[in-house]
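Engineer: Dropping a structure here in structure tokens format, bear with me for questions.
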Amino acid sequence: MPQYFEIKANYVDIPNQKIYPALLTVANGKIVQIVPLAEACLLYLLPGFVDAHVHIESSMLIPSEFARLAVVHGTVATVSDPHEIANVLGLTGVRFMLQNAQLTPFKFAFGAPSCVPATPFETAGASLNVTEIAQLFTQDGLKYLAEMMNWPGVLHHDQIVYEKIAVAQKYGKPVDGHAPGLRGDQARAYAAAGISTDHECFTREEALDKLACGMKILIREGSAAKNFAALVDLLTDHWENIMFCSDDKHPDSLVEGHLNQLASRAVKHGIDVFKVLQAVCINPVLHYDLPVGLLRPGDPADFILVEDLWDFKVHQTWLEGQLVAEAGQSLLPSVAVEPINHFRATPQAITDFRVQATSQQMRVIEVLDGELITRTLILPAKIVDGWALSDPQNDILKITVVNRYAAAPPAVAFIRNFGLKSGAIASSVAHDSHNIIAVGCDDAALCRAVNLVIAAQGGISACDGASEQVLPLPVAGLMSAMDGYEVARAYSALDQFAKSLGSPLKSPYMSLSFMALLVIPALKLSDKGLFDGEKFTFVDLFV
């Protein structure tokens with residue numbers, strides 16, 4: 001790392017909404033001064049991008065590999081909720097993330113997961129209680145209480161929920177929200193409990209309700225949930241209370257881009273560039289009190305150089321005065337890790353996935369491309385010899401969730417819009433408890449896809465009888481320790497395989513992973529059965 005250096009560029013002064021040529025001086029990883037110049041410059045100097053809410057695990061990469069890919073796109077920090085690995089391994093999993101993150105200069109701000117397990121209606125691998133959350137604040141330095149998904153618990157004054165919020169408030173930590181669809185009095189009650197943000201808004205009206213309650217809104221655009229188009233206009237009037245986030249980003253899309261893409265889209269949409277950069281560079285740092293430099297004398301030398309303020313093509317990324325990416329190449333090294341896991345599932349039999357019909361009509365999950373919410377359909381079942389079967393011709397396929405932590409019968413239901421014409425896909429990434437989830441056109445393919453994941457002790461798979469592919473995820477059944485670009489290539493191959501089987505979804509595996517997320521309506525499947533996310537109760541498959 002150079003001890004002293006200078007850079008000439010067009011300085012983007014976001015707070016004062018000015019751009020002018022300047023000489024940036026850096027010494028010992030800190031910004032010494034920024035002095036205006038008379039001469040013209042080619043590149044633009046601005047603070048690095050910050051993802052205000054992301055689950056690193058969803059990239060299928062360990063933190064150090066996520067960092068290697070993200071810095072290429074100008075991302076210097078993330079506000080990261082490790083509740084995926086916490087649901088598998090508890091405190092041990094969170095500390096694995098912290099330890100690995102310390103091996104890179106990238107600035108990970110981890111939160112203490114608030115809902116582990118997410119609900120009592122599924123089998124998780126671990127739990128985090130109030131005492132352990134306090135330890136993560138006092139002993140491990142975590143920055144915030146991560147998304148409070150149990151919004152019914154907040155509204156109904158659940159004692160444990162309020163104890164967790166009180167612990168965060170005791171240590172001066174912000175509390176993140178997660179309240180899809182909440183509006184009016186319910187939104188006000190949720191915010192009044194101390195919830196400071198929400199990233200689940202899927203309409204402008206919902207976001208405005210929450211802004212009026214004093215909450216900050218995170219505009220989310222990830223690999224599955226895409227709310228940018230619905231919410232981007234909020235920046236015009238509410239830019240001081242808006243941030244950008246990806247929430248969940250698969251490795252192939254992380255290779256292509258990150259927050260730089262959102263900044264470009266917002267500017268091209270007609271939003272003032274300073275308002276966009278306030279949201280993507282500054283607001284997360286201020287809200288979460290991140291140790292990220294904002295291009296001021298005395299700050300850590302965390303910044304990026306971009307070619308223009310339209311496409312935001314990143315030329316260089318710097319962290320603490322260290323050049324970590326240049327001209328599309330990551331300069332961060334890979335680091336070796338020892339995988340940790342919690343995986344006890346044993347091979348399944350084809351007959352385990354049979355469903356005996358008890359009526360002619362059944363509830364069917366309707367997946368919506370680009371959304372985490374689903375719809376409930378009532379459709380006729382395809383019944384042969386008393387068994388309800390997948391019906392690929394009418395796009396009604398079997399979906400199963402298999403307990404990965406203990407021997408138990410699989411839960412089986414039906415789903416529409418996955419579109420497979422043959423074969424099956426499966427994954428041990430299944431929010432939030434990360435049991436094995438699969439969709440298939442017949443019981444044999446469904447069983448094979450599940451067993452491929454079990455044999456790998458976690459991963460994603462696809463099969464169609466003639467061929468099969470697996471990407472092992474040995475770190476908690478969620479992440480690979482391989483080079484991030486290699487993981488992205490392997491994932492892309494599986495994504496294309498799933499689409500070759502007939503799926504029209506933009507990201508079949510990402511959509512699949514959310515079909516067990518019970519806290520987001522309307523109909524989902526846990527390892528314990530079919531669940532109505534609006535009534536928050538189990539429901540029968542047949543009606």
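Labels for the structure tokens follow display order: chains A, B, ..., residues from 1 in each chain, ligands from 1.
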List the spatial neighbours of Ala476 (chain A) as a CSV table (one decimal) with N, CA and C atoms, in the first residue's frame - criterion: any atom at most 10 Å away, only C-alpha atoms, same-chain residues fewer than 3 positions off excluded.

Structural biologist:
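The file below, selection-v5.csv, is the result:
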```
chain,number,residue,atom,x,y,z
A,57,GLU,N,-24.7,-14.5,2.0
A,57,GLU,CA,-24.9,-15.9,1.8
A,57,GLU,C,-25.6,-16.2,0.4
A,84,GLU,N,-29.0,-15.9,7.3
A,84,GLU,CA,-29.1,-17.2,6.6
A,84,GLU,C,-28.2,-18.2,7.3
A,85,ILE,N,-27.0,-17.9,7.5
A,85,ILE,CA,-26.1,-18.8,8.2
A,85,ILE,C,-26.4,-19.0,9.6
A,86,ALA,N,-27.0,-18.0,10.2
A,86,ALA,CA,-27.5,-18.0,11.6
A,86,ALA,C,-28.6,-19.1,11.8
A,87,ASN,N,-29.4,-19.2,10.8
A,87,ASN,CA,-30.5,-20.2,10.9
A,87,ASN,C,-30.0,-21.6,10.8
A,88,VAL,N,-28.8,-21.7,10.2
A,88,VAL,CA,-28.2,-23.0,10.1
A,88,VAL,C,-27.3,-23.4,11.3
A,89,LEU,N,-26.5,-22.4,11.7
A,89,LEU,CA,-25.4,-22.6,12.7
A,89,LEU,C,-25.4,-21.7,13.9
A,93,GLY,N,-22.2,-19.6,13.2
A,93,GLY,CA,-22.2,-19.2,11.8
A,93,GLY,C,-22.0,-17.7,11.6
A,339,PRO,N,-14.5,-25.1,5.7
A,339,PRO,CA,-16.0,-25.1,5.7
A,339,PRO,C,-16.6,-25.6,7.0
A,340,ILE,N,-17.7,-25.0,7.4
A,340,ILE,CA,-18.5,-25.5,8.5
A,340,ILE,C,-19.9,-25.8,8.0
A,341,ASN,N,-20.6,-26.7,8.6
A,341,ASN,CA,-21.9,-27.1,8.1
A,341,ASN,C,-22.7,-27.8,9.2
A,342,HIS,N,-24.0,-27.9,8.8
A,342,HIS,CA,-25.0,-28.6,9.7
A,342,HIS,C,-26.0,-29.3,8.7
A,343,PHE,N,-25.7,-30.6,8.4
A,343,PHE,CA,-26.4,-31.2,7.4
A,343,PHE,C,-26.6,-32.7,7.8
A,428,SER,N,-30.4,-26.3,-1.4
A,428,SER,CA,-30.4,-26.2,0.1
A,428,SER,C,-30.4,-24.8,0.5
A,429,VAL,N,-30.5,-23.9,-0.4
A,429,VAL,CA,-30.7,-22.5,-0.1
A,429,VAL,C,-32.2,-22.3,-0.2
A,434,HIS,N,-33.4,-22.9,5.5
A,434,HIS,CA,-32.5,-23.6,4.6
A,434,HIS,C,-32.6,-25.1,4.6
A,457,GLN,N,-24.0,-32.7,0.5
A,457,GLN,CA,-24.1,-32.0,1.8
A,457,GLN,C,-24.4,-30.5,1.7
A,458,GLY,N,-25.3,-30.3,0.7
A,458,GLY,CA,-25.7,-28.9,0.4
A,458,GLY,C,-25.3,-28.4,-1.0
A,459,GLY,N,-26.1,-27.7,-1.6
A,459,GLY,CA,-25.8,-27.2,-3.0
A,459,GLY,C,-27.1,-27.0,-3.8
A,473,LEU,N,-22.3,-26.6,-2.2
A,473,LEU,CA,-22.1,-25.4,-1.3
A,473,LEU,C,-21.8,-25.9,0.1
A,479,MET,N,-22.9,-21.6,0.9
A,479,MET,CA,-21.8,-20.9,0.2
A,479,MET,C,-20.8,-21.9,-0.3
A,480,SER,N,-20.1,-21.5,-1.3
A,480,SER,CA,-18.9,-22.2,-1.8
A,480,SER,C,-17.7,-21.4,-1.3
```

Engineer: Considering only helix (DSSP H, G or I) as DSSP defines it on the backbone, what residues of region 226-341 of chain A qualify? List them as a ChimeraX atom specification.

Structural biologist: /A:228-241,251-256,259-268,273-288

Engineer: I need the residue nearest Leu145 (chain A) from this list: A:Ala70, A:Ala27, A:Ile62, A:Ile165. Use only C-alpha atoms for the distance.

Structural biologist: A:Ile165

Engineer: With region 303-321 of chain A as the partner and 6 Å as the cut-off, tabulate the residues of region 4-91 of chain A that qualify, each row holding the nearest pair of atoms and their distance in Å to one decimal, using only C-alpha atoms, sorted by chain and rising number, as a tab-separated table.

Structural biologist:
```
residue	atom	partner	partner_atom	distance
A:Gly29	CA	A:Gly321	CA	4.2
A:Leu43	CA	A:Glu307	CA	5.1
A:Tyr44	CA	A:Val306	CA	5.2
A:Leu45	CA	A:Leu305	CA	4.8
A:Leu46	CA	A:Ile304	CA	5.6
A:Pro47	CA	A:Phe303	CA	4.4
A:Gly48	CA	A:Phe303	CA	4.7
A:His73	CA	A:Val314	CA	5.9
A:Gly74	CA	A:Thr317	CA	5.6
```

Engineer: For the selection you just gave me, I'd like the residues written to a file as a compact mmCIF listing (two decimals), in the first residue's frame, keeping C-alpha atoms.

Structural biologist:
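For reference, again16.txt as written:
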```txt
# COMPACT_ATOMS: atom_id res chain seq x y z
CA GLY A 29 -4.72 5.34 4.30
CA LEU A 43 -12.34 10.81 -14.34
CA TYR A 44 -14.87 11.50 -11.58
CA LEU A 45 -14.01 11.03 -7.91
CA LEU A 46 -16.78 10.04 -5.51
CA PRO A 47 -17.36 7.99 -2.34
CA GLY A 48 -17.79 4.27 -2.85
CA HIS A 73 -18.28 -2.39 -9.46
CA GLY A 74 -17.33 0.31 -6.97
```

Engineer: Which residues are close to region 107-121 of chain A, i.e. within 6 Å by only C-alpha atoms, leaving aside same-chain residues fewer than 5 positions away? Reply as a ChimeraX atom specification.

Structural biologist: /A:77-81,83,87,127-128,133,142-146,148

Engineer: So that I can see what lies close to region 350-353 of chain A, please list as JSON, numbers by chain the residues with an atom at most 9 Å from it, counting only C-alpha atoms and leaving out residues fewer than 5 positions away in the same chain.

Structural biologist: {"A": [398, 400, 409, 410, 411, 412, 443, 444, 445, 446, 447, 448]}

Engineer: For the residues in the current selection, export C-alpha atoms as a compact mmCIF listing (two decimals), in the first residue's frame.

Structural biologist:
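Dumped everything to again-v9.txt:
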```
# COMPACT_ATOMS: atom_id res chain seq x y z
CA LYS A 398 -44.81 -30.73 -7.32
CA THR A 400 -41.19 -30.30 -1.80
CA PRO A 409 -41.21 -37.09 5.88
CA PRO A 410 -40.94 -34.49 3.09
CA ALA A 411 -43.63 -31.84 2.84
CA VAL A 412 -45.14 -31.84 -0.65
CA ASP A 443 -41.51 -38.00 -8.45
CA ALA A 444 -38.41 -39.76 -9.78
CA ALA A 445 -36.82 -36.51 -10.98
CA LEU A 446 -37.84 -34.72 -7.79
CA CYS A 447 -36.25 -37.44 -5.68
CA ARG A 448 -33.06 -37.45 -7.75
```

Engineer: Please report, as a tab-separated table, each residue of region 217-241 of chain A lying at most 9 Å from region 281-297 of chain A, together with the nearest pair of atoms and the separation in Å rounded to one decimal; use only C-alpha atoms, and order rows by chain and ascending residue number.

Structural biologist:
```
residue	atom	partner	partner_atom	distance
A:Trp239	CA	A:Asn283	CA	9.0
A:Glu240	CA	A:Asn283	CA	7.0
A:Asn241	CA	A:Asn283	CA	7.3
```

Engineer: For those residues, write C-alpha atoms to a file as a PDB file, in the first residue's frame.

Structural biologist:
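The result, stored in part_37.pdb:
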```pdb
ATOM      1  CA  TRP A 239     -33.748  11.435  -1.332  1.00  0.00           C
ATOM      2  CA  GLU A 240     -32.443  12.103   2.193  1.00  0.00           C
ATOM      3  CA  ASN A 241     -34.405   9.088   3.469  1.00  0.00           C
TER       4      ASN A 241
END
```

Engineer: Excluding Arg416 (chain A) and its own-chain neighbours fewer than 2 positions away, which residues fall within 6 Å of it when counting only C-alpha atoms? Please give them as a PyMOL selection string.

Structural biologist: chain A and resi 366+395-396+418
